[in-house]
Amino acid sequence: MTSHAERFEAARLRHQESKSVLAAFRASKEFDLDTFQIDACRALESGRGVLVAAPTGAGKTVVGEFAVHLARHMSGKAFYTTPIKALSNQKFNELVEVYGSEEVGLLTGDVSINSDASIIVMTTEVLRNMLYVGSHTLTGLLHVVMDEVHYLADRSRGAVWEEVILHLPQSVLVTALSATVSNAEEFGAWLTDVRGDTAVIVEEHRPVPLWQLVAADQRLHDLFVDEDGRSINPELIRLQRDEQRQEKGGPRRRSGGRGGGRGFSRHTPRRDDLIRQLQRSAMLPSIFFIFSRKGCDQAVEECMRQGLNLTSAEEREQIHLTVENGVADLPPEDLAALDFPAWAHALERGVAAHHAGLIPRFKEIVEYLFQRGLIKVVFATETLALGINMPAKSVVIEKLSKWNGDTHVDLTPGEFTQLTGRAGRRGIDDEGNAIVLWHSDIDPVVLAGLASTRTYPLRSSFTPGYTMAVNVLSSMGYHRTRALLGASFRSEEHTSEL
């Protein structure tokens with residue numbers, strides 16, 4: 001039982017908060033904020049930076065939106081950074097809807113819109129380059145949102161995130177949004193060292209439950225047979241043994257339409273059969289992750305050859321009008337060169353590809369149609385998993401390995417979690433479905449390890465190169481450059497290991 005003094009203090013705090021910036025922000029939303037979102041927003045309003053580590057789909061971006069709201073309230077600037085252009089374009093459109101086109105800008109390297117706006121969405125590399133040249137656009141900057149900050153582990157581009165964190169003026173508050181990582185406290189402590197007081201907000205609850213499934217033969221098998229995710233389905237172990245017997249017995253039989261390539265066996269379902277099964281089970285829309293642009297395009301062509309049609313007459317009409325309006329200003333000869341008729345034909349049947357090889361206009365149309373439930377199946381590369389607002393009822397991963405530019409490597413638990421996290425739409429679906437396509441060399445034990453690993457460590461990929469050294473030296477001088485390089489998260493990791 002609470003005392004009179006405690007009730008009075010609680011009432012005083014509620015009254016005080018009712019007049020806060022956060023109260024006005026919450027009132028502008030059609031939904032109430034979760035506890036972790038409120039805690040993070042309170043930290044920002046109190047003048048602290050924040051690191052929010054939460055599962056995909058939990059609503060981390062609400063905290064980033066509040067950082068933008070705070071900057072506006074204080075008559076300052078806010079930058080919203082993302083790892084890829086597609087996510088920048090999407091966030092730009094979302095913020096324009098809230099604040100209007102005059103208040104929001106976009107900078108992605110090849111696109112520059114309203115660069116003097118008070119709110120600018122940009123790729124992280126653009127901000128890094130601004131810091132090196134001392135751009136006037138930085139004047140008045142109060143808040144920087146770093147969406148998908150766990151991308152700093154990327155071996156080719158991750159160092160850019162650390163460069164930005166280290167170079168930003170100390171007056172700027174950083175809102176770092178990350179997938180769930182096991183060393184969030186360690187990363188948050190480093191942010192406090194280099195940026196000042198930073199609140200670490202960790203949310204492990206996934207708002208939409210996720211079922212782990214394996215597509216083999218004509219069935220969807222549960223990966224686990226218990227609620228705790230510890231007991232592997234014995235049927236999958238039986239399938240693995242059958243594959244091993246086939247391997248010893250001679251050449252493996254393959255049937256067409258399974259994506260082709262090494263590893264697909266007689267237990268691997270055809271794509272069109274699996275898609276029809278998902279349709280019958282009300283598990284569409286679905287994203288099929290194929291780690292190849294060419295593979296995505298070939299999958300669409302294959303579905304068309306096999307007569308797949310997932311849309312109603314009314315939906316096809318809506319798609320047709322959207323597509324025609326979306327390309328109305330493109331010259332006919334350009335559309336012909338892009339094989340527009342075949343692309344539009346597939347869209348009208350509810351099937352599309354999404355990858356960096358598509359022209360931006362085509363990608364935007366695919367995203368728009370998918371978000372509105374008109375596209376039922378998208379074959380995508382992994383870039384679609386980086387925060388783009390294209391959640392689905394189910395996600396299908398065709399292989400557990402990918403080409404990293406040098407060789408084929410297995411998916412990490414973090415990559416697997418990021419991909420499957422697109423399944424289950426908050427406020428729409430009661431559950432999501434993560435489906436792995438059976439192939440001959442699949443190991444159910446390894447798959448179970450990927451699926452049951454809820455968190456994974458965030459590791460720095462910071463490796464100073466010649467270009468970085470020249471840029472930092474020219475803008476900061478020798479002594480500050482040496483101090484900066486010694487302050488990287490990679491240095492912190494190595495120090496903690498000693």
# chains A, B, ... in the order shown; residues from 1 in each chain; ligands from 1
>>> residues_around(residues="Gly373 (chain A)", least_positions_apart="4", cutoff="9 Å", atoms="only C-alpha atoms", output="PyMOL selection string")
chain A and resi 284-285+368-369
>>> write_last_selection(atoms="N, CA, C and O atoms", output="mmCIF file, in the first residue's frame")
data_model
loop_
_atom_site.group_PDB
_atom_site.id
_atom_site.type_symbol
_atom_site.label_atom_id
_atom_site.label_comp_id
_atom_site.auth_asym_id
_atom_site.auth_seq_id
_atom_site.Cartn_x
_atom_site.Cartn_y
_atom_site.Cartn_z
ATOM 1 N N LEU A 284 0.473 -15.014 -46.583
ATOM 2 C CA LEU A 284 0.978 -13.941 -47.434
ATOM 3 C C LEU A 284 0.470 -12.614 -46.893
ATOM 4 O O LEU A 284 -0.576 -12.578 -46.234
ATOM 5 N N PRO A 285 1.197 -11.516 -47.134
ATOM 6 C CA PRO A 285 2.373 -11.360 -47.995
ATOM 7 C C PRO A 285 3.632 -11.969 -47.384
ATOM 8 O O PRO A 285 3.747 -12.102 -46.171
ATOM 9 N N TYR A 368 5.654 0.690 -52.284
ATOM 10 C CA TYR A 368 4.320 1.259 -52.085
ATOM 11 C C TYR A 368 3.250 0.175 -52.193
ATOM 12 O O TYR A 368 2.356 0.063 -51.344
ATOM 13 N N LEU A 369 3.338 -0.648 -53.230
ATOM 14 C CA LEU A 369 2.330 -1.687 -53.454
ATOM 15 C C LEU A 369 2.388 -2.764 -52.373
ATOM 16 O O LEU A 369 1.353 -3.276 -51.940
#
>>> residues_around(residues="Ala40 (chain A)", least_positions_apart="3", cutoff="7 Å", atoms="only C-alpha atoms", output="PDB file with N, CA, C and O atoms, in the first residue's frame")
ATOM      1  N   PHE A  36       9.666   0.983 -22.944  1.00  0.00           N
ATOM      2  CA  PHE A  36      11.045   1.259 -23.354  1.00  0.00           C
ATOM      3  C   PHE A  36      11.122   2.523 -24.210  1.00  0.00           C
ATOM      4  O   PHE A  36      12.106   3.276 -24.153  1.00  0.00           O
ATOM      5  N   GLN A  37      10.083   2.783 -25.007  1.00  0.00           N
ATOM      6  CA  GLN A  37      10.063   4.004 -25.814  1.00  0.00           C
ATOM      7  C   GLN A  37       9.953   5.238 -24.916  1.00  0.00           C
ATOM      8  O   GLN A  37      10.641   6.237 -25.139  1.00  0.00           O
ATOM      9  N   ALA A  43      14.866  10.119 -21.414  1.00  0.00           N
ATOM     10  CA  ALA A  43      16.310  10.350 -21.336  1.00  0.00           C
ATOM     11  C   ALA A  43      16.729  11.453 -22.302  1.00  0.00           C
ATOM     12  O   ALA A  43      17.526  12.341 -21.947  1.00  0.00           O
ATOM     13  N   LEU A  44      16.195  11.428 -23.517  1.00  0.00           N
ATOM     14  CA  LEU A  44      16.513  12.471 -24.489  1.00  0.00           C
ATOM     15  C   LEU A  44      16.061  13.841 -24.006  1.00  0.00           C
ATOM     16  O   LEU A  44      16.797  14.829 -24.119  1.00  0.00           O
ATOM     17  N   VAL A  50      21.011   8.458 -26.114  1.00  0.00           N
ATOM     18  CA  VAL A  50      20.420   7.149 -25.836  1.00  0.00           C
ATOM     19  C   VAL A  50      20.923   6.109 -26.827  1.00  0.00           C
ATOM     20  O   VAL A  50      21.202   6.413 -27.989  1.00  0.00           O
ATOM     21  N   VAL A  63      11.571   6.452 -31.125  1.00  0.00           N
ATOM     22  CA  VAL A  63      12.531   7.220 -30.331  1.00  0.00           C
ATOM     23  C   VAL A  63      13.287   8.191 -31.230  1.00  0.00           C
ATOM     24  O   VAL A  63      13.528   9.350 -30.865  1.00  0.00           O
ATOM     25  N   ILE A 201      18.958   1.597 -23.230  1.00  0.00           N
ATOM     26  CA  ILE A 201      17.604   1.067 -23.109  1.00  0.00           C
ATOM     27  C   ILE A 201      17.538  -0.245 -23.893  1.00  0.00           C
ATOM     28  O   ILE A 201      17.689  -0.245 -25.118  1.00  0.00           O
TER      29      ILE A 201
END
>>> residues_around(residues="Tyr151 (chain A)", least_positions_apart="3", cutoff="12 Å", atoms="only C-alpha atoms", output="ChimeraX atom specification")
/A:81-84,124,146-148,154-162,176-179,181,383,385-387,414-415,418,458-462
>>> select_by_dssp(residues="region 96-256 of chain A", states="helix (DSSP H, G or I)", output="VMD selection string")
chain A and resid 96 to 99 124 to 133 136 to 138 149 to 153 159 to 167 184 to 195 234 to 249
>>> atom_distance(atom1="CA of Asn433 (chain A)", atom2="CA of Glu382 (chain A)")
17.2 Å
>>> residues_around(residues="Val436 (chain A)", least_positions_apart="6", cutoff="8 Å", atoms="only C-alpha atoms", output="PyMOL selection string")
chain A and resi 213-215+396-399
>>> write_last_selection(atoms="all heavy atoms", output="tab-separated table (two decimals), in the first residue's frame")
chain	number	residue	atom	x	y	z
A	213	LEU	N	9.93	-22.24	-38.88
A	213	LEU	CA	9.44	-23.35	-39.69
A	213	LEU	C	10.46	-23.74	-40.75
A	213	LEU	O	11.33	-22.95	-41.11
A	213	LEU	CB	8.12	-22.95	-40.38
A	213	LEU	CG	6.98	-22.45	-39.47
A	213	LEU	CD1	5.89	-21.80	-40.32
A	213	LEU	CD2	6.42	-23.60	-38.65
A	214	VAL	N	10.34	-24.98	-41.24
A	214	VAL	CA	11.17	-25.47	-42.33
A	214	VAL	C	10.24	-26.01	-43.42
A	214	VAL	O	9.36	-26.83	-43.14
A	214	VAL	CB	12.14	-26.57	-41.87
A	214	VAL	CG1	12.94	-27.11	-43.06
A	214	VAL	CG2	13.07	-26.05	-40.79
A	215	ALA	N	10.43	-25.54	-44.66
A	215	ALA	CA	9.62	-26.01	-45.79
A	215	ALA	C	10.31	-27.19	-46.45
A	215	ALA	O	11.39	-27.04	-47.03
A	215	ALA	CB	9.41	-24.88	-46.80
A	396	VAL	N	10.76	-16.08	-46.01
A	396	VAL	CA	11.36	-17.34	-46.45
A	396	VAL	C	12.83	-17.09	-46.76
A	396	VAL	O	13.16	-16.19	-47.54
A	396	VAL	CB	10.65	-17.91	-47.69
A	396	VAL	CG1	11.32	-19.21	-48.16
A	396	VAL	CG2	9.17	-18.15	-47.40
A	397	ILE	N	13.70	-17.86	-46.16
A	397	ILE	CA	15.14	-17.79	-46.45
A	397	ILE	C	15.50	-19.03	-47.25
A	397	ILE	O	15.34	-20.16	-46.78
A	397	ILE	CB	15.97	-17.72	-45.15
A	397	ILE	CG1	15.62	-16.45	-44.36
A	397	ILE	CG2	17.46	-17.75	-45.47
A	397	ILE	CD1	16.36	-16.32	-43.06
A	398	GLU	N	15.98	-18.81	-48.47
A	398	GLU	CA	16.21	-19.95	-49.37
A	398	GLU	C	17.50	-20.69	-49.09
A	398	GLU	O	17.59	-21.89	-49.32
A	398	GLU	CB	16.17	-19.48	-50.83
A	398	GLU	CG	14.78	-19.02	-51.26
A	398	GLU	CD	14.51	-19.27	-52.73
A	398	GLU	OE1	15.47	-19.56	-53.47
A	398	GLU	OE2	13.35	-19.15	-53.14
A	399	LYS	N	18.54	-20.00	-48.65
A	399	LYS	CA	19.79	-20.66	-48.30
A	399	LYS	C	20.35	-20.01	-47.04
A	399	LYS	O	20.10	-18.83	-46.78
A	399	LYS	CB	20.83	-20.54	-49.43
A	399	LYS	CG	20.50	-21.35	-50.68
A	399	LYS	CD	20.46	-22.85	-50.43
A	399	LYS	CE	21.79	-23.45	-50.10
A	399	LYS	NZ	22.68	-23.57	-51.28
>>> closest_residue(among="A:Glu314, A:Asp226, A:Glu163, A:Asp430", to="Gln212 (chain A)", atoms="only C-alpha atoms")
A:Asp226
>>> closest_atom_pairs(of="region 157-225 of chain A", to="region 437-457 of chain A", cutoff="12 Å", atoms="only C-alpha atoms", output="Markdown table")
| residue | atom | partner | partner_atom | distance |
| --- | --- | --- | --- | --- |
| A:Ser178 | CA | A:Thr455 | CA | 11.4 |
| A:Ala179 | CA | A:Thr455 | CA | 8.6 |
| A:Thr180 | CA | A:Thr455 | CA | 5.7 |
| A:Val181 | CA | A:Thr455 | CA | 4.8 |
| A:Ser182 | CA | A:Pro457 | CA | 4.9 |
| A:Asn183 | CA | A:Pro457 | CA | 5.3 |
| A:Ala184 | CA | A:Pro457 | CA | 8.0 |
| A:Glu185 | CA | A:Pro457 | CA | 10.7 |
| A:Glu186 | CA | A:Pro457 | CA | 9.6 |
| A:Phe187 | CA | A:Pro457 | CA | 9.6 |
| A:Val202 | CA | A:Thr455 | CA | 11.1 |
| A:Glu203 | CA | A:Thr455 | CA | 11.2 |
| A:Glu204 | CA | A:Arg454 | CA | 8.4 |
| A:His205 | CA | A:Arg454 | CA | 10.3 |
| A:Arg206 | CA | A:Arg454 | CA | 10.4 |
| A:Leu210 | CA | A:Ala451 | CA | 10.1 |
| A:Trp211 | CA | A:Ala451 | CA | 9.7 |
| A:Gln212 | CA | A:Ala451 | CA | 7.2 |
| A:Leu213 | CA | A:Leu437 | CA | 8.8 |
| A:Val214 | CA | A:Leu437 | CA | 5.9 |
| A:Ala215 | CA | A:Leu437 | CA | 5.0 |
| A:Ala216 | CA | A:Trp438 | CA | 5.3 |
| A:Asp217 | CA | A:Trp438 | CA | 8.4 |
| A:Gln218 | CA | A:Trp438 | CA | 11.0 |
| A:Arg219 | CA | A:Trp438 | CA | 10.6 |
| A:Leu220 | CA | A:Leu437 | CA | 9.4 |
| A:His221 | CA | A:Trp438 | CA | 10.1 |
| A:Asp222 | CA | A:Ala448 | CA | 10.9 |
| A:Leu223 | CA | A:Ala448 | CA | 7.1 |
| A:Phe224 | CA | A:Ala448 | CA | 7.9 |
| A:Val225 | CA | A:Ala448 | CA | 11.4 |
>>> closest_residue(among="A:Thr381, A:Thr123, A:Ser394, A:Ser171", to="Leu141 (chain A)", atoms="only C-alpha atoms")
A:Ser171
>>> decode(residues="region 303-403 of chain A", atoms="C-alpha atoms", output="PDB file, in the first residue's frame")
ATOM      1  CA  CYS A 303       6.831 -17.696 -61.139  1.00  0.00           C
ATOM      2  CA  MET A 304       5.414 -16.133 -64.301  1.00  0.00           C
ATOM      3  CA  ARG A 305       6.334 -19.181 -66.389  1.00  0.00           C
ATOM      4  CA  GLN A 306       4.533 -21.371 -63.879  1.00  0.00           C
ATOM      5  CA  GLY A 307       1.386 -19.279 -64.125  1.00  0.00           C
ATOM      6  CA  LEU A 308       1.382 -17.910 -60.584  1.00  0.00           C
ATOM      7  CA  ASN A 309      -1.408 -15.372 -60.037  1.00  0.00           C
ATOM      8  CA  LEU A 310      -1.998 -14.105 -56.501  1.00  0.00           C
ATOM      9  CA  THR A 311      -4.250 -11.085 -57.059  1.00  0.00           C
ATOM     10  CA  SER A 312      -7.936 -10.481 -57.632  1.00  0.00           C
ATOM     11  CA  ALA A 313      -9.293  -8.524 -60.605  1.00  0.00           C
ATOM     12  CA  GLU A 314      -9.837  -5.497 -58.369  1.00  0.00           C
ATOM     13  CA  GLU A 315      -6.276  -5.675 -57.014  1.00  0.00           C
ATOM     14  CA  ARG A 316      -4.846  -5.986 -60.524  1.00  0.00           C
ATOM     15  CA  GLU A 317      -6.704  -2.824 -61.534  1.00  0.00           C
ATOM     16  CA  GLN A 318      -5.307  -0.935 -58.530  1.00  0.00           C
ATOM     17  CA  ILE A 319      -1.794  -2.127 -59.331  1.00  0.00           C
ATOM     18  CA  HIS A 320      -2.183  -1.188 -62.998  1.00  0.00           C
ATOM     19  CA  LEU A 321      -3.267   2.369 -62.154  1.00  0.00           C
ATOM     20  CA  THR A 322      -0.479   2.803 -59.599  1.00  0.00           C
ATOM     21  CA  VAL A 323       2.170   1.601 -62.032  1.00  0.00           C
ATOM     22  CA  GLU A 324       0.893   3.716 -64.936  1.00  0.00           C
ATOM     23  CA  ASN A 325       0.814   6.846 -62.783  1.00  0.00           C
ATOM     24  CA  GLY A 326       4.216   6.044 -61.300  1.00  0.00           C
ATOM     25  CA  VAL A 327       5.999   5.879 -64.659  1.00  0.00           C
ATOM     26  CA  ALA A 328       3.923   8.431 -66.576  1.00  0.00           C
ATOM     27  CA  ASP A 329       6.868  10.835 -66.906  1.00  0.00           C
ATOM     28  CA  LEU A 330       9.390   8.227 -68.116  1.00  0.00           C
ATOM     29  CA  PRO A 331      10.084   8.096 -71.871  1.00  0.00           C
ATOM     30  CA  PRO A 332       8.696   5.028 -73.693  1.00  0.00           C
ATOM     31  CA  GLU A 333      12.148   4.122 -75.014  1.00  0.00           C
ATOM     32  CA  ASP A 334      13.499   4.031 -71.422  1.00  0.00           C
ATOM     33  CA  LEU A 335      10.649   1.789 -70.319  1.00  0.00           C
ATOM     34  CA  ALA A 336      11.279  -0.525 -73.240  1.00  0.00           C
ATOM     35  CA  ALA A 337      14.960  -0.786 -72.303  1.00  0.00           C
ATOM     36  CA  LEU A 338      13.942  -1.688 -68.744  1.00  0.00           C
ATOM     37  CA  ASP A 339      11.609  -4.472 -69.974  1.00  0.00           C
ATOM     38  CA  PHE A 340       8.717  -2.588 -68.421  1.00  0.00           C
ATOM     39  CA  PRO A 341       5.894  -4.806 -69.823  1.00  0.00           C
ATOM     40  CA  ALA A 342       7.281  -7.954 -68.150  1.00  0.00           C
ATOM     41  CA  TRP A 343       7.922  -6.097 -64.885  1.00  0.00           C
ATOM     42  CA  ALA A 344       4.399  -4.623 -64.805  1.00  0.00           C
ATOM     43  CA  HIS A 345       2.861  -7.992 -65.757  1.00  0.00           C
ATOM     44  CA  ALA A 346       4.494  -9.650 -62.732  1.00  0.00           C
ATOM     45  CA  LEU A 347       3.375  -6.825 -60.433  1.00  0.00           C
ATOM     46  CA  GLU A 348      -0.239  -7.217 -61.537  1.00  0.00           C
ATOM     47  CA  ARG A 349      -0.014 -10.874 -60.533  1.00  0.00           C
ATOM     48  CA  GLY A 350       1.305  -9.932 -57.089  1.00  0.00           C
ATOM     49  CA  VAL A 351       4.989 -10.828 -57.592  1.00  0.00           C
ATOM     50  CA  ALA A 352       8.036  -8.534 -57.602  1.00  0.00           C
ATOM     51  CA  ALA A 353      11.782  -8.341 -57.071  1.00  0.00           C
ATOM     52  CA  HIS A 354      13.455  -5.786 -54.801  1.00  0.00           C
ATOM     53  CA  HIS A 355      17.198  -5.137 -54.982  1.00  0.00           C
ATOM     54  CA  ALA A 356      19.761  -2.429 -55.638  1.00  0.00           C
ATOM     55  CA  GLY A 357      19.768  -3.192 -59.362  1.00  0.00           C
ATOM     56  CA  LEU A 358      16.274  -1.788 -59.853  1.00  0.00           C
ATOM     57  CA  ILE A 359      15.946   1.862 -60.792  1.00  0.00           C
ATOM     58  CA  PRO A 360      14.722   3.939 -57.812  1.00  0.00           C
ATOM     59  CA  ARG A 361      11.301   4.548 -59.383  1.00  0.00           C
ATOM     60  CA  PHE A 362      10.640   0.823 -59.750  1.00  0.00           C
ATOM     61  CA  LYS A 363      11.768   0.139 -56.170  1.00  0.00           C
ATOM     62  CA  GLU A 364       9.501   2.871 -54.809  1.00  0.00           C
ATOM     63  CA  ILE A 365       6.513   1.434 -56.668  1.00  0.00           C
ATOM     64  CA  VAL A 366       7.242  -2.071 -55.341  1.00  0.00           C
ATOM     65  CA  GLU A 367       7.539  -0.741 -51.776  1.00  0.00           C
ATOM     66  CA  TYR A 368       4.320   1.259 -52.085  1.00  0.00           C
ATOM     67  CA  LEU A 369       2.330  -1.687 -53.454  1.00  0.00           C
ATOM     68  CA  PHE A 370       3.735  -4.128 -50.903  1.00  0.00           C
ATOM     69  CA  GLN A 371       2.952  -1.836 -47.973  1.00  0.00           C
ATOM     70  CA  ARG A 372      -0.655  -1.679 -49.178  1.00  0.00           C
ATOM     71  CA  GLY A 373      -1.004  -5.431 -49.438  1.00  0.00           C
ATOM     72  CA  LEU A 374      -1.274  -5.497 -53.234  1.00  0.00           C
ATOM     73  CA  ILE A 375       2.037  -7.256 -53.851  1.00  0.00           C
ATOM     74  CA  LYS A 376       1.916 -10.678 -52.202  1.00  0.00           C
ATOM     75  CA  VAL A 377       5.452 -12.005 -52.758  1.00  0.00           C
ATOM     76  CA  VAL A 378       8.729 -10.109 -53.020  1.00  0.00           C
ATOM     77  CA  PHE A 379      12.035 -11.761 -53.892  1.00  0.00           C
ATOM     78  CA  ALA A 380      14.647  -9.594 -52.205  1.00  0.00           C
ATOM     79  CA  THR A 381      18.289  -9.281 -51.319  1.00  0.00           C
ATOM     80  CA  GLU A 382      19.242  -8.705 -47.693  1.00  0.00           C
ATOM     81  CA  THR A 383      19.224  -4.894 -48.019  1.00  0.00           C
ATOM     82  CA  LEU A 384      15.451  -5.040 -47.621  1.00  0.00           C
ATOM     83  CA  ALA A 385      15.989  -6.227 -44.027  1.00  0.00           C
ATOM     84  CA  LEU A 386      17.734  -2.979 -43.068  1.00  0.00           C
ATOM     85  CA  GLY A 387      14.805  -1.155 -41.542  1.00  0.00           C
ATOM     86  CA  ILE A 388      12.774  -0.565 -44.706  1.00  0.00           C
ATOM     87  CA  ASN A 389       9.089  -0.515 -43.794  1.00  0.00           C
ATOM     88  CA  MET A 390       8.101  -3.641 -45.705  1.00  0.00           C
ATOM     89  CA  PRO A 391       7.015  -6.080 -43.006  1.00  0.00           C
ATOM     90  CA  ALA A 392       5.328  -9.301 -44.056  1.00  0.00           C
ATOM     91  CA  LYS A 393       3.302 -12.106 -42.526  1.00  0.00           C
ATOM     92  CA  SER A 394       6.050 -14.584 -43.401  1.00  0.00           C
ATOM     93  CA  VAL A 395       9.700 -14.564 -44.438  1.00  0.00           C
ATOM     94  CA  VAL A 396      11.361 -17.340 -46.447  1.00  0.00           C
ATOM     95  CA  ILE A 397      15.139 -17.792 -46.446  1.00  0.00           C
ATOM     96  CA  GLU A 398      16.213 -19.951 -49.373  1.00  0.00           C
ATOM     97  CA  LYS A 399      19.792 -20.658 -48.299  1.00  0.00           C
ATOM     98  CA  LEU A 400      21.720 -20.245 -45.040  1.00  0.00           C
ATOM     99  CA  SER A 401      24.798 -18.918 -46.813  1.00  0.00           C
ATOM    100  CA  LYS A 402      25.578 -15.908 -48.973  1.00  0.00           C
ATOM    101  CA  TRP A 403      28.338 -14.426 -51.121  1.00  0.00           C
TER     102      TRP A 403
END
